[in-house]
$ cat input_3.cif   # mmCIF, C-alpha atoms and all ligand atoms; chains and numbers go by the auth columns
data_data
#
loop_
_atom_site.group_PDB
_atom_site.id
_atom_site.type_symbol
_atom_site.label_atom_id
_atom_site.label_comp_id
_atom_site.label_asym_id
_atom_site.label_seq_id
_atom_site.Cartn_x
_atom_site.Cartn_y
_atom_site.Cartn_z
_atom_site.B_iso_or_equiv
_atom_site.auth_seq_id
_atom_site.auth_asym_id
ATOM 1 C CA LYS A 1 -43.930 29.583 -10.573 0.00 1 A
ATOM 2 C CA LYS A 2 -40.307 28.458 -10.611 0.00 2 A
ATOM 3 C CA LYS A 3 -38.945 27.189 -7.329 0.00 3 A
ATOM 4 C CA GLY A 4 -35.551 25.590 -6.716 0.00 4 A
ATOM 5 C CA PHE A 5 -35.543 22.054 -5.384 0.00 5 A
ATOM 6 C CA ILE A 6 -32.310 21.061 -3.649 0.00 6 A
ATOM 7 C CA PHE A 7 -31.606 17.479 -2.648 0.00 7 A
ATOM 8 C CA ASP A 8 -29.051 16.176 -0.207 0.00 8 A
ATOM 9 C CA LEU A 9 -27.567 12.880 -1.437 0.00 9 A
ATOM 10 C CA ASP A 10 -26.680 10.463 1.361 0.00 10 A
ATOM 11 C CA GLY A 11 -29.801 9.547 3.315 0.00 11 A
ATOM 12 C CA VAL A 12 -32.160 11.301 0.895 0.00 12 A
ATOM 13 C CA ILE A 13 -31.561 9.816 -2.560 0.00 13 A
ATOM 14 C CA VAL A 14 -29.541 6.750 -1.545 0.00 14 A
ATOM 15 C CA ASP A 15 -28.574 5.124 1.753 0.00 15 A
ATOM 16 C CA THR A 16 -24.807 5.324 1.612 0.00 16 A
ATOM 17 C CA ALA A 17 -24.579 5.883 5.397 0.00 17 A
ATOM 18 C CA LYS A 18 -24.311 2.100 5.747 0.00 18 A
ATOM 19 C CA TYR A 19 -21.171 2.064 3.565 0.00 19 A
ATOM 20 C CA HIS A 20 -19.630 5.036 5.382 0.00 20 A
ATOM 21 C CA PHE A 21 -20.330 3.137 8.607 0.00 21 A
ATOM 22 C CA LEU A 22 -18.617 -0.066 7.462 0.00 22 A
ATOM 23 C CA ALA A 23 -15.559 1.828 6.271 0.00 23 A
ATOM 24 C CA TRP A 24 -15.286 4.017 9.413 0.00 24 A
ATOM 25 C CA GLN A 25 -15.844 0.999 11.629 0.00 25 A
ATOM 26 C CA ARG A 26 -12.955 -0.911 10.089 0.00 26 A
ATOM 27 C CA LEU A 27 -10.725 2.146 10.469 0.00 27 A
ATOM 28 C CA ALA A 28 -11.752 2.623 14.111 0.00 28 A
ATOM 29 C CA LYS A 29 -11.115 -1.033 14.864 0.00 29 A
ATOM 30 C CA GLY A 30 -7.573 -0.677 13.526 0.00 30 A
ATOM 31 C CA LEU A 31 -7.056 2.136 16.050 0.00 31 A
ATOM 32 C CA ASP A 32 -8.650 0.125 18.873 0.00 32 A
ATOM 33 C CA ILE A 33 -11.587 2.501 19.023 0.00 33 A
ATOM 34 C CA ASP A 34 -15.151 1.299 19.608 0.00 34 A
ATOM 35 C CA PHE A 35 -17.399 2.894 16.998 0.00 35 A
ATOM 36 C CA THR A 36 -21.153 2.485 17.329 0.00 36 A
ATOM 37 C CA GLU A 37 -24.105 3.035 15.012 0.00 37 A
ATOM 38 C CA GLU A 38 -25.277 5.849 17.298 0.00 38 A
ATOM 39 C CA GLU A 39 -21.971 7.619 16.796 0.00 39 A
ATOM 40 C CA ASN A 40 -22.305 7.053 13.046 0.00 40 A
ATOM 41 C CA GLU A 41 -25.617 8.984 13.191 0.00 41 A
ATOM 42 C CA GLN A 42 -23.631 12.015 14.279 0.00 42 A
ATOM 43 C CA LEU A 43 -21.391 11.761 11.209 0.00 43 A
ATOM 44 C CA LYS A 44 -24.307 12.184 8.800 0.00 44 A
ATOM 45 C CA GLY A 45 -23.797 15.190 6.572 0.00 45 A
ATOM 46 C CA VAL A 46 -20.415 15.814 8.220 0.00 46 A
ATOM 47 C CA SER A 47 -17.317 16.130 5.996 0.00 47 A
ATOM 48 C CA ARG A 48 -14.688 13.383 5.767 0.00 48 A
ATOM 49 C CA VAL A 49 -12.010 15.314 7.700 0.00 49 A
ATOM 50 C CA ARG A 50 -14.429 16.323 10.438 0.00 50 A
ATOM 51 C CA SER A 51 -15.704 12.733 10.704 0.00 51 A
ATOM 52 C CA LEU A 52 -12.229 11.340 11.390 0.00 52 A
ATOM 53 C CA GLU A 53 -11.556 14.128 13.906 0.00 53 A
ATOM 54 C CA LYS A 54 -14.729 13.158 15.765 0.00 54 A
ATOM 55 C CA ILE A 55 -13.905 9.439 15.784 0.00 55 A
ATOM 56 C CA LEU A 56 -10.427 10.165 17.176 0.00 56 A
ATOM 57 C CA ALA A 57 -11.912 12.423 19.853 0.00 57 A
ATOM 58 C CA TRP A 58 -14.450 9.748 20.884 0.00 58 A
ATOM 59 C CA GLY A 59 -11.591 7.259 21.190 0.00 59 A
ATOM 60 C CA ASN A 60 -9.313 9.733 22.998 0.00 60 A
ATOM 61 C CA LYS A 61 -6.605 9.274 20.351 0.00 61 A
ATOM 62 C CA THR A 62 -4.190 11.736 18.843 0.00 62 A
ATOM 63 C CA ILE A 63 -2.284 10.791 15.684 0.00 63 A
ATOM 64 C CA SER A 64 0.226 12.481 13.394 0.00 64 A
ATOM 65 C CA GLN A 65 -0.917 14.495 10.390 0.00 65 A
ATOM 66 C CA ASP A 66 0.693 11.908 8.098 0.00 66 A
ATOM 67 C CA LEU A 67 -1.228 9.033 9.638 0.00 67 A
ATOM 68 C CA PHE A 68 -4.399 11.142 9.573 0.00 68 A
ATOM 69 C CA ASN A 69 -4.032 11.642 5.820 0.00 69 A
ATOM 70 C CA GLU A 70 -3.176 8.009 5.254 0.00 70 A
ATOM 71 C CA LEU A 71 -6.250 6.841 7.169 0.00 71 A
ATOM 72 C CA MET A 72 -8.505 9.239 5.259 0.00 72 A
ATOM 73 C CA GLY A 73 -7.189 7.812 2.009 0.00 73 A
ATOM 74 C CA LYS A 74 -7.750 4.236 3.149 0.00 74 A
ATOM 75 C CA LYS A 75 -11.255 4.960 4.383 0.00 75 A
ATOM 76 C CA ASN A 76 -12.161 6.523 1.072 0.00 76 A
ATOM 77 C CA GLU A 77 -10.690 3.628 -0.921 0.00 77 A
ATOM 78 C CA GLU A 78 -12.785 1.184 1.001 0.00 78 A
ATOM 79 C CA TYR A 79 -15.893 3.362 0.666 0.00 79 A
ATOM 80 C CA LEU A 80 -15.280 3.613 -3.101 0.00 80 A
ATOM 81 C CA SER A 81 -15.106 -0.178 -3.339 0.00 81 A
ATOM 82 C CA PHE A 82 -18.607 -0.355 -1.802 0.00 82 A
ATOM 83 C CA ILE A 83 -20.125 2.332 -4.008 0.00 83 A
ATOM 84 C CA ALA A 84 -18.609 0.730 -7.110 0.00 84 A
ATOM 85 C CA GLU A 85 -21.172 -2.061 -6.596 0.00 85 A
ATOM 86 C CA MET A 86 -24.174 0.289 -6.354 0.00 86 A
ATOM 87 C CA ASP A 87 -26.966 0.249 -8.934 0.00 87 A
ATOM 88 C CA THR A 88 -30.453 1.702 -9.459 0.00 88 A
ATOM 89 C CA ASN A 89 -31.887 -0.682 -6.827 0.00 89 A
ATOM 90 C CA GLU A 90 -30.285 1.517 -4.188 0.00 90 A
ATOM 91 C CA ILE A 91 -32.368 4.575 -5.015 0.00 91 A
ATOM 92 C CA LEU A 92 -34.635 5.186 -1.999 0.00 92 A
ATOM 93 C CA PRO A 93 -38.390 4.564 -2.454 0.00 93 A
ATOM 94 C CA ASP A 94 -40.376 7.148 -4.457 0.00 94 A
ATOM 95 C CA VAL A 95 -37.388 9.398 -5.149 0.00 95 A
ATOM 96 C CA PRO A 96 -37.866 8.878 -8.941 0.00 96 A
ATOM 97 C CA ARG A 97 -41.575 9.764 -8.643 0.00 97 A
ATOM 98 C CA VAL A 98 -40.801 13.070 -6.924 0.00 98 A
ATOM 99 C CA LEU A 99 -38.028 13.893 -9.407 0.00 99 A
ATOM 100 C CA ASN A 100 -40.479 13.168 -12.243 0.00 100 A
ATOM 101 C CA ILE A 101 -43.207 15.490 -10.924 0.00 101 A
ATOM 102 C CA LEU A 102 -40.646 18.244 -10.602 0.00 102 A
ATOM 103 C CA LYS A 103 -39.442 17.648 -14.149 0.00 103 A
ATOM 104 C CA GLU A 104 -43.022 17.613 -15.506 0.00 104 A
ATOM 105 C CA ASN A 105 -43.569 20.978 -13.848 0.00 105 A
ATOM 106 C CA ASN A 106 -40.310 22.443 -15.199 0.00 106 A
ATOM 107 C CA GLN A 107 -38.807 22.969 -11.764 0.00 107 A
ATOM 108 C CA PRO A 108 -35.007 23.292 -11.548 0.00 108 A
ATOM 109 C CA ILE A 109 -33.286 20.598 -9.471 0.00 109 A
ATOM 110 C CA SER A 110 -29.950 20.900 -7.666 0.00 110 A
ATOM 111 C CA LEU A 111 -27.823 18.572 -5.578 0.00 111 A
ATOM 112 C CA GLY A 112 -26.334 19.900 -2.322 0.00 112 A
ATOM 113 C CA SER A 113 -24.099 17.249 -0.782 0.00 113 A
ATOM 114 C CA ALA A 114 -21.104 17.211 1.547 0.00 114 A
ATOM 115 C CA SER A 115 -19.687 14.185 -0.270 0.00 115 A
ATOM 116 C CA LYS A 116 -16.718 14.404 -2.600 0.00 116 A
ATOM 117 C CA ASN A 117 -18.011 11.220 -4.219 0.00 117 A
ATOM 118 C CA ALA A 118 -21.439 12.594 -5.137 0.00 118 A
ATOM 119 C CA ARG A 119 -20.971 12.465 -8.918 0.00 119 A
ATOM 120 C CA THR A 120 -19.699 8.891 -8.832 0.00 120 A
ATOM 121 C CA ILE A 121 -22.736 7.814 -6.807 0.00 121 A
ATOM 122 C CA LEU A 122 -25.235 9.636 -9.050 0.00 122 A
ATOM 123 C CA GLU A 123 -23.645 7.963 -12.067 0.00 123 A
ATOM 124 C CA ARG A 124 -23.840 4.522 -10.420 0.00 124 A
ATOM 125 C CA VAL A 125 -27.578 4.921 -9.749 0.00 125 A
ATOM 126 C CA ASN A 126 -28.199 6.535 -13.127 0.00 126 A
ATOM 127 C CA LEU A 127 -29.611 9.812 -11.804 0.00 127 A
ATOM 128 C CA ILE A 128 -26.912 12.239 -12.866 0.00 128 A
ATOM 129 C CA SER A 129 -28.994 13.627 -15.748 0.00 129 A
ATOM 130 C CA SER A 130 -31.904 14.411 -13.393 0.00 130 A
ATOM 131 C CA PHE A 131 -29.946 17.308 -11.906 0.00 131 A
ATOM 132 C CA ASP A 132 -29.593 20.764 -13.426 0.00 132 A
ATOM 133 C CA ALA A 133 -26.711 21.521 -11.045 0.00 133 A
ATOM 134 C CA ILE A 134 -24.496 19.458 -8.758 0.00 134 A
ATOM 135 C CA VAL A 135 -22.804 21.091 -5.782 0.00 135 A
ATOM 136 C CA ASP A 136 -20.781 18.764 -3.585 0.00 136 A
ATOM 137 C CA GLY A 137 -17.857 18.501 -1.178 0.00 137 A
ATOM 138 C CA ASN A 138 -15.447 19.573 -3.921 0.00 138 A
ATOM 139 C CA ASP A 139 -17.176 22.934 -4.343 0.00 139 A
ATOM 140 C CA VAL A 140 -17.469 24.211 -0.791 0.00 140 A
ATOM 141 C CA SER A 141 -15.070 25.475 1.846 0.00 141 A
ATOM 142 C CA LYS A 142 -17.503 25.472 4.757 0.00 142 A
ATOM 143 C CA ALA A 143 -19.310 22.272 5.742 0.00 143 A
ATOM 144 C CA LYS A 144 -22.955 21.971 6.861 0.00 144 A
ATOM 145 C CA PRO A 145 -24.406 23.420 9.153 0.00 145 A
ATOM 146 C CA ASP A 146 -22.903 26.343 7.227 0.00 146 A
ATOM 147 C CA PRO A 147 -25.395 27.220 4.447 0.00 147 A
ATOM 148 C CA GLU A 148 -22.680 27.606 1.762 0.00 148 A
ATOM 149 C CA VAL A 149 -23.459 24.379 -0.133 0.00 149 A
ATOM 150 C CA PHE A 150 -27.163 25.250 -0.481 0.00 150 A
ATOM 151 C CA LEU A 151 -26.533 28.900 -1.360 0.00 151 A
ATOM 152 C CA ILE A 152 -24.230 27.818 -4.211 0.00 152 A
ATOM 153 C CA ALA A 153 -26.763 25.164 -5.260 0.00 153 A
ATOM 154 C CA ALA A 154 -29.464 27.888 -5.486 0.00 154 A
ATOM 155 C CA LYS A 155 -27.210 30.264 -7.386 0.00 155 A
ATOM 156 C CA GLU A 156 -26.327 27.619 -9.972 0.00 156 A
ATOM 157 C CA ILE A 157 -29.999 27.231 -10.901 0.00 157 A
ATOM 158 C CA ASN A 158 -30.656 30.988 -10.655 0.00 158 A
ATOM 159 C CA ILE A 159 -33.266 30.771 -7.924 0.00 159 A
ATOM 160 C CA LYS A 160 -33.343 33.048 -4.875 0.00 160 A
ATOM 161 C CA PRO A 161 -32.713 31.232 -1.560 0.00 161 A
ATOM 162 C CA GLU A 162 -36.206 32.085 -0.248 0.00 162 A
ATOM 163 C CA ASP A 163 -37.696 30.292 -3.270 0.00 163 A
ATOM 164 C CA CYS A 164 -35.733 27.099 -2.590 0.00 164 A
ATOM 165 C CA ILE A 165 -36.874 23.903 -0.920 0.00 165 A
ATOM 166 C CA VAL A 166 -34.263 21.566 0.607 0.00 166 A
ATOM 167 C CA PHE A 167 -34.667 17.842 1.274 0.00 167 A
ATOM 168 C CA GLU A 168 -32.290 16.767 4.074 0.00 168 A
ATOM 169 C CA ASP A 169 -31.820 13.816 6.440 0.00 169 A
ATOM 170 C CA SER A 170 -29.203 15.275 8.769 0.00 170 A
ATOM 171 C CA VAL A 171 -29.459 17.656 11.716 0.00 171 A
ATOM 172 C CA ALA A 172 -26.605 19.776 10.346 0.00 172 A
ATOM 173 C CA GLY A 173 -28.197 19.880 6.885 0.00 173 A
ATOM 174 C CA VAL A 174 -31.601 21.060 8.131 0.00 174 A
ATOM 175 C CA THR A 175 -29.865 23.788 10.133 0.00 175 A
ATOM 176 C CA ALA A 176 -27.929 24.781 6.995 0.00 176 A
ATOM 177 C CA ALA A 177 -31.159 25.042 4.963 0.00 177 A
ATOM 178 C CA ASN A 178 -32.885 27.102 7.668 0.00 178 A
ATOM 179 C CA THR A 179 -29.894 29.441 7.923 0.00 179 A
ATOM 180 C CA ALA A 180 -29.963 29.858 4.133 0.00 180 A
ATOM 181 C CA ASN A 181 -33.586 31.064 4.478 0.00 181 A
ATOM 182 C CA MET A 182 -34.906 28.097 2.508 0.00 182 A
ATOM 183 C CA ILE A 183 -37.838 25.790 3.243 0.00 183 A
ATOM 184 C CA SER A 184 -36.447 22.684 4.930 0.00 184 A
ATOM 185 C CA ILE A 185 -38.008 19.270 4.503 0.00 185 A
ATOM 186 C CA GLY A 186 -36.577 16.696 6.874 0.00 186 A
ATOM 187 C CA ILE A 187 -36.433 13.101 5.655 0.00 187 A
ATOM 188 C CA GLY A 188 -36.316 10.914 8.758 0.00 188 A
ATOM 189 C CA SER A 189 -37.616 11.028 12.285 0.00 189 A
ATOM 190 C CA LYS A 190 -39.444 13.992 13.840 0.00 190 A
ATOM 191 C CA ASP A 191 -37.496 13.405 17.054 0.00 191 A
ATOM 192 C CA VAL A 192 -34.227 14.146 15.274 0.00 192 A
ATOM 193 C CA LEU A 193 -35.346 16.687 12.652 0.00 193 A
ATOM 194 C CA GLY A 194 -37.838 18.724 14.673 0.00 194 A
ATOM 195 C CA HIS A 195 -36.222 21.970 13.505 0.00 195 A
ATOM 196 C CA ALA A 196 -37.284 21.358 9.873 0.00 196 A
ATOM 197 C CA ASN A 197 -40.337 23.125 8.394 0.00 197 A
ATOM 198 C CA TYR A 198 -41.794 19.720 7.448 0.00 198 A
ATOM 199 C CA VAL A 199 -40.719 16.184 8.338 0.00 199 A
ATOM 200 C CA PHE A 200 -41.547 12.937 6.528 0.00 200 A
ATOM 201 C CA ASN A 201 -40.202 9.464 7.252 0.00 201 A
ATOM 202 C CA ASP A 202 -39.462 8.994 3.559 0.00 202 A
ATOM 203 C CA PHE A 203 -40.621 10.086 0.093 0.00 203 A
ATOM 204 C CA THR A 204 -43.525 7.588 0.047 0.00 204 A
ATOM 205 C CA GLU A 205 -45.218 9.977 2.533 0.00 205 A
ATOM 206 C CA ILE A 206 -44.806 12.965 0.215 0.00 206 A
ATOM 207 C CA SER A 207 -47.800 13.271 -2.126 0.00 207 A
ATOM 208 C CA ASP A 208 -47.872 14.752 -5.621 0.00 208 A
ATOM 209 C CA ASP A 209 -50.269 17.384 -4.261 0.00 209 A
ATOM 210 C CA PHE A 210 -47.824 18.387 -1.533 0.00 210 A
ATOM 211 C CA ILE A 211 -45.093 18.902 -4.142 0.00 211 A
ATOM 212 C CA LYS A 212 -47.507 20.937 -6.272 0.00 212 A
ATOM 213 C CA SER A 213 -48.415 23.088 -3.259 0.00 213 A
ATOM 214 C CA LEU A 214 -44.703 23.820 -2.725 0.00 214 A
ATOM 215 C CA ILE A 215 -44.431 24.923 -6.350 0.00 215 A
ATOM 216 C CA GLU A 216 -47.490 27.158 -6.134 0.00 216 A
ATOM 217 C CA ASN A 217 -46.981 28.855 -2.761 0.00 217 A
HETATM 218 C C1 LIG B . -22.260 12.786 3.055 0.00 301 B
HETATM 219 C C2 LIG B . -22.500 11.936 4.314 0.00 301 B
HETATM 220 C C3 LIG B . -21.439 12.059 5.361 0.00 301 B
HETATM 221 C C4 LIG B . -20.054 11.953 4.726 0.00 301 B
HETATM 222 C C5 LIG B . -19.912 13.101 3.747 0.00 301 B
HETATM 223 C C6 LIG B . -18.540 13.113 3.084 0.00 301 B
HETATM 224 O O1 LIG B . -22.964 13.976 3.041 0.00 301 B
HETATM 225 O O2 LIG B . -23.760 12.198 4.891 0.00 301 B
HETATM 226 O O3 LIG B . -21.633 11.080 6.363 0.00 301 B
HETATM 227 O O4 LIG B . -19.058 11.999 5.719 0.00 301 B
HETATM 228 O O5 LIG B . -20.900 13.005 2.741 0.00 301 B
HETATM 229 O O6 LIG B . -18.441 12.074 2.149 0.00 301 B
HETATM 230 P P1 LIG B . -17.115 11.713 1.311 0.00 301 B
HETATM 231 O O7 LIG B . -16.181 11.004 2.231 0.00 301 B
HETATM 232 O O8 LIG B . -17.652 10.843 0.208 0.00 301 B
HETATM 233 O O9 LIG B . -16.548 13.002 0.796 0.00 301 B
HETATM 234 P P2 LIG B . -24.428 14.331 2.384 0.00 301 B
HETATM 235 O O10 LIG B . -24.352 15.829 2.485 0.00 301 B
HETATM 236 O O11 LIG B . -24.554 13.855 0.930 0.00 301 B
HETATM 237 O O12 LIG B . -25.435 13.682 3.281 0.00 301 B
HETATM 238 MG MG MG B . -27.462 13.349 4.152 0.00 302 B
#
$ encode --input "input_3.cif" --output "structure tokens"
Amino acid sequence: KKKGFIFDLDGVIVDTAKYHFLAWQRLAKGLDIDFTEEENEQLKGVSRVRSLEKILAWGNKTISQDLFNELMGKKNEEYLSFIAEMDTNEILPDVPRVLNILKENNQPISLGSASKNARTILERVNLISSFDAIVDGNDVSKAKPDPEVFLIAAKEINIKPEDCIVFEDSVAGVTAANTANMISIGIGSKDVLGHANYVFNDFTEISDDFIKSLIEN
């Protein structure tokens, strides 16, 4: 049977959260705002605009629209300078194995990411050709936890939402997958992603047989 397999990018295929963190931290410092790794957790899967809004709220700062736009541009420039150095070593463990099983079983694969830099990252790590469709922050108007990104990702591979399986590391992303009526597989800690249908710490815990059971059921 044909199922649709939808992958989030940051935190699932590569760990770019560390680069977002470095770039946001520098920006926050410039505004005299303390920005912690715990706060960074809450920015996972969240769009760029919404992330800056949250950081400003945590720091009790209001800024002009012009400065807001300028800071967003600077943050992205810095982030781009980090991802320019990425290579295949940054692909998270066993992601290629899972992509290969799916390919061997002729299963369509989609990307569903909030990032506007998704294509650049997939090119850097040489995975762009593994995807039959790429839906990212440039294609959606409503950010996760809204299901829009995953619904478009399903449509682009012609698979009904209820036949789709989503791999996600963020709270908002798992909620988005559940709302879309898809099977959600959380990648991370059970404490954080308890609302997912299944949770694994990483892809090394996901067996070939488990993937095959998803295809068959
Ligand atoms: C990712 C990250 C978020 C980031 C967002 C926007 O989403 O998880 O932390 O804020 O993209 O990224 P950009 O600034 O590159 O547009 P995902 O959905 O791939 O996890
Ligand atoms: Mg993510």
$ closest_residue --input "input_3.cif" --among "A:Ile157, A:Ala177, A:Val149, A:Leu52" --to "Leu27 (chain A)" --atoms "all atoms listed in the file"
A:Leu52
$ residues_near_ligand --input "input_3.cif" --ligand "ligand LIG 301 (chain B)" --cutoff "7 Å" --atoms "all atoms listed in the file" --output "ChimeraX atom specification"
/A:8-11,17,20,43-48,51,76,112-118,137,170
$ closest_residue --input "input_3.cif" --among "A:Asn178, A:Lys2, A:Ala143, A:Ala172" --to "ligand MG 302 (chain B)" --atoms "all atoms listed in the file"
A:Ala172
$ closest_residue --input "input_3.cif" --among "A:Leu151, A:Ile6, A:Ile101, A:Val49" --to "Ile211 (chain A)" --atoms "all atoms listed in the file"
A:Ile101
$ resolve_selection --input "input_3.cif" --expression "the PyMOL selection byres (((chain A and resi 13) around 12) and not hetatm)" --output "PyMOL selection string"
chain A and resi 6-12+14-17+88-99+111-113+118+121-122+125-128+130+167-169+187+202-203
$ decode --input "input_3.cif" --residues "region 101-125 of chain A" --atoms "N, CA and C atoms" --output "JSON list (two decimals), in the first residue's frame"
[["chain", "number", "residue", "atom", "x", "y", "z"],
["A", 101, "ILE", "N", 14.72, 2.62, 3.15],
["A", 101, "ILE", "CA", 13.65, 1.61, 3.22],
["A", 101, "ILE", "C", 12.40, 2.12, 2.53],
["A", 102, "LEU", "N", 12.10, 3.39, 2.77],
["A", 102, "LEU", "CA", 10.90, 3.97, 2.16],
["A", 102, "LEU", "C", 11.02, 3.95, 0.64],
["A", 103, "LYS", "N", 12.19, 4.33, 0.16],
["A", 103, "LYS", "CA", 12.44, 4.34, -1.29],
["A", 103, "LYS", "C", 12.31, 2.93, -1.86],
["A", 104, "GLU", "N", 12.93, 1.95, -1.19],
["A", 104, "GLU", "CA", 12.86, 0.55, -1.66],
["A", 104, "GLU", "C", 11.43, 0.07, -1.75],
["A", 105, "ASN", "N", 10.57, 0.61, -0.87],
["A", 105, "ASN", "CA", 9.17, 0.18, -0.87],
["A", 105, "ASN", "C", 8.25, 1.13, -1.64],
["A", 106, "ASN", "N", 8.87, 1.98, -2.46],
["A", 106, "ASN", "CA", 8.12, 2.92, -3.32],
["A", 106, "ASN", "C", 7.14, 3.81, -2.57],
["A", 107, "GLN", "N", 7.54, 4.28, -1.41],
["A", 107, "GLN", "CA", 6.67, 5.15, -0.62],
["A", 107, "GLN", "C", 7.02, 6.61, -0.91],
["A", 108, "PRO", "N", 6.01, 7.44, -1.19],
["A", 108, "PRO", "CA", 6.29, 8.86, -1.44],
["A", 108, "PRO", "C", 6.74, 9.60, -0.17],
["A", 109, "ILE", "N", 7.69, 10.49, -0.34],
["A", 109, "ILE", "CA", 8.31, 11.21, 0.78],
["A", 109, "ILE", "C", 8.19, 12.71, 0.57],
["A", 110, "SER", "N", 7.71, 13.40, 1.62],
["A", 110, "SER", "CA", 7.52, 14.84, 1.56],
["A", 110, "SER", "C", 8.25, 15.52, 2.71],
["A", 111, "LEU", "N", 8.64, 16.77, 2.50],
["A", 111, "LEU", "CA", 9.18, 17.56, 3.60],
["A", 111, "LEU", "C", 8.10, 18.54, 4.06],
["A", 112, "GLY", "N", 7.96, 18.70, 5.37],
["A", 112, "GLY", "CA", 7.01, 19.68, 5.92],
["A", 112, "GLY", "C", 7.69, 20.50, 7.00],
["A", 113, "SER", "N", 8.31, 21.60, 6.58],
["A", 113, "SER", "CA", 9.13, 22.40, 7.51],
["A", 113, "SER", "C", 8.65, 23.83, 7.60],
["A", 114, "ALA", "N", 8.85, 24.43, 8.76],
["A", 114, "ALA", "CA", 8.52, 25.85, 8.95],
["A", 114, "ALA", "C", 9.61, 26.75, 8.39],
["A", 115, "SER", "N", 10.77, 26.18, 8.08],
["A", 115, "SER", "CA", 11.92, 27.01, 7.71],
["A", 115, "SER", "C", 11.85, 27.51, 6.28],
["A", 116, "LYS", "N", 12.23, 28.77, 6.09],
["A", 116, "LYS", "CA", 12.34, 29.32, 4.75],
["A", 116, "LYS", "C", 13.66, 28.93, 4.11],
["A", 117, "ASN", "N", 14.53, 28.31, 4.90],
["A", 117, "ASN", "CA", 15.85, 27.91, 4.40],
["A", 117, "ASN", "C", 15.95, 26.40, 4.15],
["A", 118, "ALA", "N", 14.80, 25.73, 4.10],
["A", 118, "ALA", "CA", 14.79, 24.27, 4.02],
["A", 118, "ALA", "C", 15.55, 23.74, 2.79],
["A", 119, "ARG", "N", 15.30, 24.34, 1.64],
["A", 119, "ARG", "CA", 15.95, 23.84, 0.41],
["A", 119, "ARG", "C", 17.47, 23.98, 0.48],
["A", 120, "THR", "N", 17.91, 25.13, 0.99],
["A", 120, "THR", "CA", 19.36, 25.35, 1.13],
["A", 120, "THR", "C", 19.98, 24.26, 2.00],
["A", 121, "ILE", "N", 19.31, 23.95, 3.12],
["A", 121, "ILE", "CA", 19.85, 22.96, 4.05],
["A", 121, "ILE", "C", 19.87, 21.57, 3.40],
["A", 122, "LEU", "N", 18.77, 21.20, 2.73],
["A", 122, "LEU", "CA", 18.72, 19.88, 2.09],
["A", 122, "LEU", "C", 19.79, 19.74, 1.01],
["A", 123, "GLU", "N", 20.07, 20.85, 0.33],
["A", 123, "GLU", "CA", 21.15, 20.82, -0.67],
["A", 123, "GLU", "C", 22.50, 20.63, 0.01],
["A", 124, "ARG", "N", 22.73, 21.36, 1.09],
["A", 124, "ARG", "CA", 24.01, 21.26, 1.82],
["A", 124, "ARG", "C", 24.28, 19.82, 2.27],
["A", 125, "VAL", "N", 23.24, 19.13, 2.75],
["A", 125, "VAL", "CA", 23.45, 17.77, 3.26],
["A", 125, "VAL", "C", 23.14, 16.70, 2.20]]
